[in-house]
$ cat upload.cif   # mmCIF, C-alpha atoms
data_start
loop_
_atom_site.label_atom_id
_atom_site.label_comp_id
_atom_site.auth_asym_id
_atom_site.auth_seq_id
_atom_site.Cartn_x
_atom_site.Cartn_y
_atom_site.Cartn_z
CA ALA A 426 119.66 97.68 109.25
CA GLN A 427 121.21 99.93 106.68
CA LYS A 428 118.80 101.30 104.14
CA ILE A 429 121.49 102.06 101.58
CA THR A 430 124.63 99.97 101.21
CA GLN A 431 127.63 101.03 99.21
CA THR A 432 130.15 98.22 99.54
CA GLN A 433 133.06 99.91 97.77
CA PRO A 434 134.82 102.41 100.04
CA GLY A 435 137.13 103.31 97.15
CA MET A 436 137.43 102.70 93.44
CA PHE A 437 140.19 103.41 90.96
CA VAL A 438 139.70 103.86 87.24
CA GLN A 439 141.80 105.09 84.37
CA GLU A 440 140.75 108.08 82.35
CA LYS A 441 138.38 107.27 79.47
CA GLU A 442 137.35 103.93 80.98
CA ALA A 443 133.89 103.15 82.33
CA VAL A 444 133.31 102.48 86.02
CA THR A 445 130.39 101.07 88.00
CA LEU A 446 129.68 102.18 91.56
CA ASP A 447 127.52 99.74 93.48
CA CYS A 448 124.47 100.55 95.53
CA THR A 449 121.90 98.24 97.11
CA TYR A 450 118.91 99.40 99.07
CA ASP A 451 116.39 98.05 101.50
CA THR A 452 112.76 99.09 101.55
CA SER A 453 109.35 97.50 101.88
CA ASP A 454 107.62 100.38 100.09
CA GLN A 455 106.52 100.04 96.50
CA SER A 456 107.01 103.73 95.77
CA TYR A 457 110.47 105.16 96.31
CA GLY A 458 113.14 107.16 94.54
CA LEU A 459 116.85 106.54 94.12
CA PHE A 460 119.39 109.30 93.70
CA TRP A 461 123.11 109.67 93.14
CA TYR A 462 125.07 112.67 94.32
CA LYS A 463 128.70 113.64 93.75
CA GLN A 464 130.80 115.41 96.35
CA PRO A 465 134.13 116.70 95.00
CA SER A 466 136.94 117.74 97.32
CA SER A 467 135.52 121.26 97.38
CA GLY A 468 132.66 119.84 99.44
CA GLU A 469 129.47 120.73 97.61
CA MET A 470 126.81 118.10 96.92
CA ILE A 471 125.95 117.81 93.25
CA PHE A 472 122.89 115.91 92.03
CA LEU A 473 123.67 113.48 89.22
CA ILE A 474 120.76 111.21 88.42
CA TYR A 475 117.35 110.02 89.65
CA GLN A 476 115.43 106.75 89.22
CA GLY A 477 111.84 106.27 90.34
CA SER A 478 110.74 102.84 91.49
CA TYR A 479 108.04 102.71 88.81
CA ASP A 480 110.31 103.88 85.99
CA GLU A 481 110.69 101.05 83.52
CA GLN A 482 113.67 102.52 81.72
CA ASN A 483 117.06 102.99 83.33
CA ALA A 484 117.79 106.67 83.91
CA THR A 485 120.54 108.33 81.89
CA GLU A 486 122.08 111.79 82.13
CA GLY A 487 124.96 112.39 79.77
CA ARG A 488 127.84 110.12 80.82
CA TYR A 489 125.89 108.88 83.85
CA SER A 490 123.47 106.00 83.75
CA LEU A 491 121.73 104.11 86.49
CA ASN A 492 121.58 100.34 86.24
CA PHE A 493 118.32 99.72 88.09
CA GLN A 494 117.58 96.11 89.01
CA LYS A 495 114.43 96.24 91.09
CA ALA A 496 114.23 92.56 92.01
CA ARG A 497 117.78 92.66 93.30
CA LYS A 498 117.21 96.06 94.91
CA SER A 499 120.26 97.52 93.29
CA ALA A 500 120.82 100.90 91.68
CA ASN A 501 124.37 101.00 90.41
CA LEU A 502 125.81 104.15 88.88
CA VAL A 503 127.72 103.73 85.65
CA ILE A 504 130.06 106.50 84.56
CA SER A 505 131.23 106.13 80.98
CA ALA A 506 134.45 107.63 79.62
CA SER A 507 135.79 108.72 83.02
CA GLN A 508 137.42 112.11 83.29
CA LEU A 509 139.89 113.45 85.84
CA GLY A 510 137.16 115.74 87.12
CA ASP A 511 135.08 112.71 88.07
CA SER A 512 137.38 112.09 91.04
CA ALA A 513 135.09 112.62 94.00
CA MET A 514 132.97 110.93 96.65
CA TYR A 515 129.76 109.45 95.27
CA PHE A 516 126.68 108.93 97.39
CA CYS A 517 123.69 106.76 96.66
CA ALA A 518 120.49 107.86 98.39
CA MET A 519 116.88 106.73 98.66
CA ARG A 520 113.69 108.61 99.30
CA GLU A 521 110.74 106.61 100.60
CA PRO A 522 107.47 107.60 102.21
CA GLY A 523 107.86 108.20 105.93
CA LEU A 524 105.53 107.02 108.68
CA SER A 525 103.80 110.39 108.71
CA GLY A 526 103.66 110.58 104.94
CA TYR A 527 106.66 112.85 104.73
CA SER A 528 109.80 111.53 103.13
CA THR A 529 113.44 112.38 103.45
CA LEU A 530 116.63 111.32 101.72
CA THR A 531 118.68 108.55 103.33
CA PHE A 532 122.28 108.32 102.18
CA GLY A 533 124.77 105.50 101.87
CA LYS A 534 128.29 105.84 103.24
CA GLY A 535 129.72 106.78 99.90
CA THR A 536 132.35 105.53 97.46
CA MET A 537 135.50 107.52 96.78
CA LEU A 538 136.36 107.40 93.09
CA LEU A 539 139.83 108.27 91.88
CA VAL A 540 140.44 108.72 88.17
CA SER A 541 144.05 108.43 87.04
CA PRO A 542 145.56 109.78 83.80
CA ASP B 1034 123.08 133.66 91.72
CA THR B 1035 123.40 130.95 94.40
CA ALA B 1036 120.33 128.73 94.72
CA VAL B 1037 120.87 127.61 98.32
CA SER B 1038 123.23 129.77 100.33
CA GLN B 1039 124.56 129.10 103.80
CA THR B 1040 126.47 131.39 106.07
CA PRO B 1041 128.99 131.17 107.50
CA LYS B 1042 131.01 128.70 105.45
CA TYR B 1043 133.46 128.15 108.30
CA LEU B 1044 132.83 128.47 112.01
CA VAL B 1045 135.42 127.86 114.73
CA THR B 1046 134.29 128.21 118.31
CA GLN B 1047 134.85 127.05 121.87
CA MET B 1048 132.93 124.39 123.71
CA GLY B 1049 129.93 125.76 125.53
CA ASN B 1050 129.28 128.61 123.11
CA ASP B 1051 126.07 129.16 121.16
CA LYS B 1052 126.19 129.61 117.41
CA SER B 1053 123.85 129.92 114.43
CA ILE B 1054 124.04 128.93 110.79
CA LYS B 1055 121.76 130.67 108.32
CA CYS B 1056 120.29 129.22 105.16
CA GLU B 1057 118.35 130.86 102.35
CA GLN B 1058 117.02 129.45 99.10
CA ASN B 1059 115.85 131.46 96.10
CA LEU B 1060 114.35 128.53 94.21
CA GLY B 1061 110.81 128.99 95.43
CA HIS B 1062 110.93 125.56 97.04
CA ASP B 1063 108.46 124.56 99.74
CA THR B 1064 110.64 122.16 101.72
CA MET B 1065 113.97 122.76 103.44
CA TYR B 1066 116.32 120.46 105.34
CA TRP B 1067 119.34 120.35 107.58
CA TYR B 1068 121.79 117.48 107.19
CA LYS B 1069 124.90 116.75 109.24
CA GLN B 1070 127.99 115.21 107.62
CA ASP B 1071 130.39 113.69 110.13
CA SER B 1072 134.14 113.16 109.85
CA LYS B 1073 133.57 109.85 108.03
CA LYS B 1074 131.48 111.69 105.42
CA PHE B 1075 128.24 110.10 106.57
CA LEU B 1076 125.23 112.34 105.86
CA LYS B 1077 122.29 112.22 108.22
CA ILE B 1078 119.04 114.13 108.19
CA MET B 1079 118.44 116.36 111.18
CA PHE B 1080 115.34 118.40 110.39
CA SER B 1081 112.91 119.12 107.61
CA TYR B 1082 110.47 122.01 107.25
CA ASN B 1083 107.62 122.33 104.80
CA ASN B 1084 106.19 125.84 104.37
CA LYS B 1085 107.65 126.90 107.72
CA GLU B 1086 106.22 123.86 109.50
CA LEU B 1087 108.48 121.28 111.11
CA ILE B 1088 107.75 117.89 109.53
CA ILE B 1089 110.82 115.80 110.32
CA ASN B 1090 112.77 115.93 113.53
CA GLU B 1091 115.24 113.09 113.81
CA THR B 1092 116.90 112.15 117.06
CA VAL B 1093 118.83 115.34 117.56
CA PRO B 1094 119.78 116.83 120.96
CA ASN B 1095 117.56 119.64 122.20
CA ARG B 1096 120.55 121.93 121.92
CA PHE B 1097 119.81 122.09 118.20
CA SER B 1098 116.90 124.33 117.34
CA PRO B 1099 115.85 125.05 113.77
CA LYS B 1100 113.84 128.15 112.94
CA SER B 1101 112.03 128.95 109.73
CA PRO B 1102 110.84 132.57 109.60
CA ASP B 1103 109.50 132.00 106.08
CA LYS B 1104 109.66 129.23 103.53
CA ALA B 1105 112.82 130.63 101.94
CA HIS B 1106 114.83 130.53 105.16
CA LEU B 1107 115.80 127.80 107.58
CA ASN B 1108 118.29 128.69 110.28
CA LEU B 1109 120.00 126.35 112.71
CA HIS B 1110 120.86 127.46 116.22
CA ILE B 1111 123.08 125.33 118.42
CA ASN B 1112 123.36 125.90 122.17
CA SER B 1113 126.15 124.77 124.48
CA LEU B 1114 128.36 123.43 121.71
CA GLU B 1115 130.18 120.15 122.31
CA LEU B 1116 133.22 118.63 120.64
CA GLY B 1117 131.01 116.05 118.92
CA ASP B 1118 129.11 118.80 117.15
CA SER B 1119 132.11 119.37 114.90
CA ALA B 1120 130.91 118.48 111.43
CA VAL B 1121 129.81 119.94 108.13
CA TYR B 1122 126.20 121.06 108.18
CA PHE B 1123 124.34 121.13 104.90
CA CYS B 1124 121.16 122.99 104.20
CA ALA B 1125 119.05 121.73 101.30
CA SER B 1126 115.73 122.43 99.67
CA SER B 1127 113.29 120.63 97.39
CA ARG B 1128 110.26 121.80 95.43
CA THR B 1129 107.94 119.71 97.58
CA ARG B 1130 108.31 116.96 100.14
CA SER B 1131 107.35 114.17 97.75
CA GLY B 1132 109.58 111.42 96.51
CA ALA B 1133 110.64 112.52 93.05
CA ASN B 1134 111.86 115.93 94.04
CA VAL B 1135 115.60 116.44 93.93
CA LEU B 1136 117.29 118.03 96.91
CA THR B 1137 119.44 121.03 96.06
CA PHE B 1138 122.20 121.47 98.61
CA GLY B 1139 124.02 124.50 99.88
CA ALA B 1140 127.82 124.53 99.95
CA GLY B 1141 127.95 123.41 103.57
CA SER B 1142 129.07 125.06 106.80
CA ARG B 1143 132.06 123.53 108.50
CA LEU B 1144 131.75 123.82 112.27
CA THR B 1145 134.81 123.17 114.42
CA VAL B 1146 134.37 123.07 118.18
CA LEU B 1147 137.57 123.38 120.19
#
$ encode --input "upload.cif" --output "structure tokens"
Amino acid sequence: AQKITQTQPGMFVQEKEAVTLDCTYDTSDQSYGLFWYKQPSSGEMIFLIYQGSYDEQNATEGRYSLNFQKARKSANLVISASQLGDSAMYFCAMREPGLSGYSTLTFGKGTMLLVSP
Amino acid sequence: DTAVSQTPKYLVTQMGNDKSIKCEQNLGHDTMYWYKQDSKKFLKIMFSYNNKELIINETVPNRFSPKSPDKAHLNLHINSLELGDSAVYFCASSRTRSGANVLTFGAGSRLTVL
């Protein structure tokens, strides 16, 4: 079973509008972390935002916010006031304790966001 | 000053050859990783080292051998390259191996096997 599901292969948004990128996750652990990364066409992976499973407030970083709904196991990324430079692939990822106590980051398949003028 | 640097950025080689990708981080992080990104952009963990010790080894062919001479370096050596090894390989590091620590990625090394 997939640990991280991103159901939107691609999304289109007009400049200055807000957009929500969906992410649902599957874990039986109580302690875990959720991350969003951006990968522009140049290929580098850029960290955007983090949400811990025990954090009561939704994480925000500038124009990025994470809509964390624990009961629904969703961690959607909201980008406000989209800019042309936001066009990129966006990955949702989860970090959970491993069997040996060591954790790693498991990624979803990504959503390609295109921002039009 | 690049935080996580990988070399080379591009690598084109023939099937059957052996090649290495080097990774260095200057962040003082304890944990380093290798991820593979396939042609569909899917990222999958390959290995993780903590203070030079191998802690995660996913189902990766034996032809892939990571080496960590010190905690700032994690190199990836690949023997007998196959067509399916063509991918982008990302090195990453985090302060520790625990859950809240963000992974900082290198720029990636694109390997093309002909």
$ closest_atom_pairs --input "upload.cif" --of "chain B" --to "chain A" --cutoff "9 Å" --atoms "all atoms listed in the file" --output "JSON lines"
{"residue": "B:Tyr1066", "atom": "CA", "partner": "A:Thr529", "partner_atom": "CA", "distance": 8.8}
{"residue": "B:Lys1073", "atom": "CA", "partner": "A:Lys534", "partner_atom": "CA", "distance": 8.2}
{"residue": "B:Lys1074", "atom": "CA", "partner": "A:Lys534", "partner_atom": "CA", "distance": 7.0}
{"residue": "B:Phe1075", "atom": "CA", "partner": "A:Lys534", "partner_atom": "CA", "distance": 5.4}
{"residue": "B:Leu1076", "atom": "CA", "partner": "A:Phe532", "partner_atom": "CA", "distance": 6.2}
{"residue": "B:Lys1077", "atom": "CA", "partner": "A:Thr531", "partner_atom": "CA", "distance": 7.1}
{"residue": "B:Ile1078", "atom": "CA", "partner": "A:Thr531", "partner_atom": "CA", "distance": 7.4}
{"residue": "B:Ser1081", "atom": "CA", "partner": "A:Thr529", "partner_atom": "CA", "distance": 7.9}
{"residue": "B:Ile1088", "atom": "CA", "partner": "A:Tyr527", "partner_atom": "CA", "distance": 7.0}
{"residue": "B:Ile1089", "atom": "CA", "partner": "A:Tyr527", "partner_atom": "CA", "distance": 7.6}
{"residue": "B:Phe1123", "atom": "CA", "partner": "A:Met470", "partner_atom": "CA", "distance": 8.9}
{"residue": "B:Arg1130", "atom": "CA", "partner": "A:Ser528", "partner_atom": "CA", "distance": 6.4}
{"residue": "B:Ser1131", "atom": "CA", "partner": "A:Ser528", "partner_atom": "CA", "distance": 6.5}
{"residue": "B:Gly1132", "atom": "CA", "partner": "A:Arg520", "partner_atom": "CA", "distance": 5.7}
{"residue": "B:Ala1133", "atom": "CA", "partner": "A:Gly458", "partner_atom": "CA", "distance": 6.1}
{"residue": "B:Asn1134", "atom": "CA", "partner": "A:Gly458", "partner_atom": "CA", "distance": 8.9}
{"residue": "B:Val1135", "atom": "CA", "partner": "A:Phe472", "partner_atom": "CA", "distance": 7.6}
{"residue": "B:Leu1136", "atom": "CA", "partner": "A:Phe472", "partner_atom": "CA", "distance": 7.7}
{"residue": "B:Thr1137", "atom": "CA", "partner": "A:Phe472", "partner_atom": "CA", "distance": 7.4}
{"residue": "B:Phe1138", "atom": "CA", "partner": "A:Met470", "partner_atom": "CA", "distance": 6.0}
{"residue": "B:Gly1139", "atom": "CA", "partner": "A:Glu469", "partner_atom": "CA", "distance": 7.0}
{"residue": "B:Ala1140", "atom": "CA", "partner": "A:Glu469", "partner_atom": "CA", "distance": 4.8}
{"residue": "B:Gly1141", "atom": "CA", "partner": "A:Glu469", "partner_atom": "CA", "distance": 6.7}
$ residues_near_point --input "upload.cif" --point "(123.4, 128.9, 97.9)" --cutoff "8 Å" --atoms "all atoms listed in the file" --output "list in words"
Asp1034, Thr1035, Ala1036, Val1037, Ser1038, Gln1039, Cys1056, Glu1057, Gln1058, Phe1138, Gly1139 and Ala1140 of chain B
$ atom_distance --input "upload.cif" --atom1 "CA of Pro1094 (chain B)" --atom2 "CA of Tyr1082 (chain B)"
17.4 Å
$ atom_distance --input "upload.cif" --atom1 "CA of Gly1117 (chain B)" --atom2 "CA of Thr1040 (chain B)"
20.5 Å
$ resolve_selection --input "upload.cif" --expression "the PyMOL selection byres ((chain B and resi 1044-1051) around 7)" --output "list in words"
Pro1041, Lys1042, Tyr1043, Lys1052, Ile1111, Asn1112, Ser1113, Leu1114, Glu1115, Leu1116, Arg1143, Leu1144, Thr1145, Val1146 and Leu1147 of chain B
$ closest_residue --input "upload.cif" --among "A:Gln494, A:Thr485, A:Ser505, A:Thr449" --to "Ile429 (chain A)" --atoms "only C-alpha atoms"
A:Thr449
$ atom_distance --input "upload.cif" --atom1 "CA of Ser490 (chain A)" --atom2 "CA of Pro434 (chain A)"
20.2 Å
$ residues_near_point --input "upload.cif" --point "(135.7, 106.7, 77.4)" --cutoff "8 Å" --atoms "only C-alpha atoms" --output "ChimeraX atom specification"
/A:440-443,505-507
$ closest_residue --input "upload.cif" --among "A:Leu446, A:Val503, A:Cys517, A:Leu539" --to "Ser466 (chain A)" --atoms "only C-alpha atoms"
A:Leu539
$ closest_residue --input "upload.cif" --among "A:Ala496, A:Leu502, A:Leu509, A:Val444" --to "Ala484 (chain A)" --atoms "all atoms listed in the file"
A:Leu502
$ decode --input "upload.cif" --residues "region 1043-1067 of chain B" --atoms "N, CA, C and O atoms" --output "CSV table (one decimal), in the first residue's frame"
chain,number,residue,atom,x,y,z
B,1043,TYR,N,26.5,15.2,-14.2
B,1043,TYR,CA,26.1,14.3,-15.3
B,1043,TYR,C,27.1,13.2,-15.5
B,1043,TYR,O,28.3,13.5,-15.4
B,1044,LEU,N,26.6,12.1,-15.8
B,1044,LEU,CA,27.5,10.9,-16.0
B,1044,LEU,C,26.8,10.1,-17.1
B,1044,LEU,O,25.7,9.6,-17.0
B,1045,VAL,N,27.6,9.9,-18.2
B,1045,VAL,CA,27.1,9.1,-19.3
B,1045,VAL,C,28.1,7.9,-19.5
B,1045,VAL,O,29.3,8.2,-19.6
B,1046,THR,N,27.6,6.7,-19.5
B,1046,THR,CA,28.5,5.6,-19.5
B,1046,THR,C,27.9,4.4,-20.2
B,1046,THR,O,26.7,4.3,-20.5
B,1047,GLN,N,28.7,3.4,-20.5
B,1047,GLN,CA,28.3,2.2,-21.2
B,1047,GLN,C,27.8,1.1,-20.2
B,1047,GLN,O,28.3,1.1,-19.1
B,1048,MET,N,26.9,0.3,-20.6
B,1048,MET,CA,26.6,-0.9,-19.8
B,1048,MET,C,27.8,-1.7,-19.4
B,1048,MET,O,28.7,-1.8,-20.2
B,1049,GLY,N,27.8,-2.2,-18.2
B,1049,GLY,CA,28.9,-3.0,-17.8
B,1049,GLY,C,30.0,-2.3,-17.1
B,1049,GLY,O,30.8,-2.9,-16.4
B,1050,ASN,N,30.0,-0.9,-17.2
B,1050,ASN,CA,31.1,-0.2,-16.6
B,1050,ASN,C,30.8,0.0,-15.1
B,1050,ASN,O,29.7,-0.2,-14.6
B,1051,ASP,N,31.8,0.5,-14.4
B,1051,ASP,CA,31.7,0.8,-13.0
B,1051,ASP,C,31.9,2.3,-12.8
B,1051,ASP,O,32.8,2.9,-13.4
B,1052,LYS,N,31.1,2.9,-12.0
B,1052,LYS,CA,31.2,4.3,-11.8
B,1052,LYS,C,30.9,4.7,-10.3
B,1052,LYS,O,30.2,4.0,-9.6
B,1053,SER,N,31.4,5.9,-10.0
B,1053,SER,CA,31.1,6.4,-8.6
B,1053,SER,C,30.6,7.8,-8.6
B,1053,SER,O,30.9,8.6,-9.5
B,1054,ILE,N,29.7,8.1,-7.6
B,1054,ILE,CA,29.2,9.4,-7.4
B,1054,ILE,C,29.6,9.8,-6.0
B,1054,ILE,O,29.5,9.1,-5.1
B,1055,LYS,N,30.2,11.0,-5.9
B,1055,LYS,CA,30.7,11.5,-4.6
B,1055,LYS,C,29.7,12.5,-4.0
B,1055,LYS,O,29.1,13.3,-4.7
B,1056,CYS,N,29.6,12.5,-2.7
B,1056,CYS,CA,28.8,13.5,-2.0
B,1056,CYS,C,29.5,14.0,-0.8
B,1056,CYS,O,30.0,13.2,0.0
B,1057,GLU,N,29.4,15.3,-0.6
B,1057,GLU,CA,30.0,15.9,0.6
B,1057,GLU,C,29.0,16.9,1.2
B,1057,GLU,O,28.3,17.7,0.4
B,1058,GLN,N,28.9,17.0,2.5
B,1058,GLN,CA,28.0,18.0,3.1
B,1058,GLN,C,28.9,18.8,4.2
B,1058,GLN,O,29.7,18.2,4.9
B,1059,ASN,N,28.6,20.1,4.2
B,1059,ASN,CA,29.4,21.0,5.1
B,1059,ASN,C,28.5,21.5,6.2
B,1059,ASN,O,28.7,22.6,6.7
B,1060,LEU,N,27.4,20.8,6.4
B,1060,LEU,CA,26.4,21.3,7.4
B,1060,LEU,C,26.6,20.8,8.8
B,1060,LEU,O,25.9,21.1,9.7
B,1061,GLY,N,27.6,19.9,8.9
B,1061,GLY,CA,27.8,19.3,10.2
B,1061,GLY,C,26.7,18.3,10.6
B,1061,GLY,O,26.6,17.9,11.8
B,1062,HIS,N,26.0,17.8,9.6
B,1062,HIS,CA,25.0,16.8,9.9
B,1062,HIS,C,25.5,15.4,10.2
B,1062,HIS,O,26.6,15.1,9.7
B,1063,ASP,N,24.7,14.7,11.0
B,1063,ASP,CA,25.2,13.3,11.3
B,1063,ASP,C,24.7,12.2,10.3
B,1063,ASP,O,25.3,11.2,10.3
B,1064,THR,N,23.6,12.5,9.6
B,1064,THR,CA,23.0,11.5,8.8
B,1064,THR,C,23.0,11.9,7.4
B,1064,THR,O,22.7,13.0,7.0
B,1065,MET,N,23.4,10.9,6.5
B,1065,MET,CA,23.4,11.1,5.1
B,1065,MET,C,22.6,10.0,4.4
B,1065,MET,O,22.4,8.9,4.9
B,1066,TYR,N,22.1,10.3,3.2
B,1066,TYR,CA,21.2,9.4,2.4
B,1066,TYR,C,21.6,9.4,0.9
B,1066,TYR,O,22.1,10.4,0.4
B,1067,TRP,N,21.2,8.3,0.3
B,1067,TRP,CA,21.1,8.3,-1.2
B,1067,TRP,C,19.7,7.9,-1.6
B,1067,TRP,O,19.1,7.0,-1.1
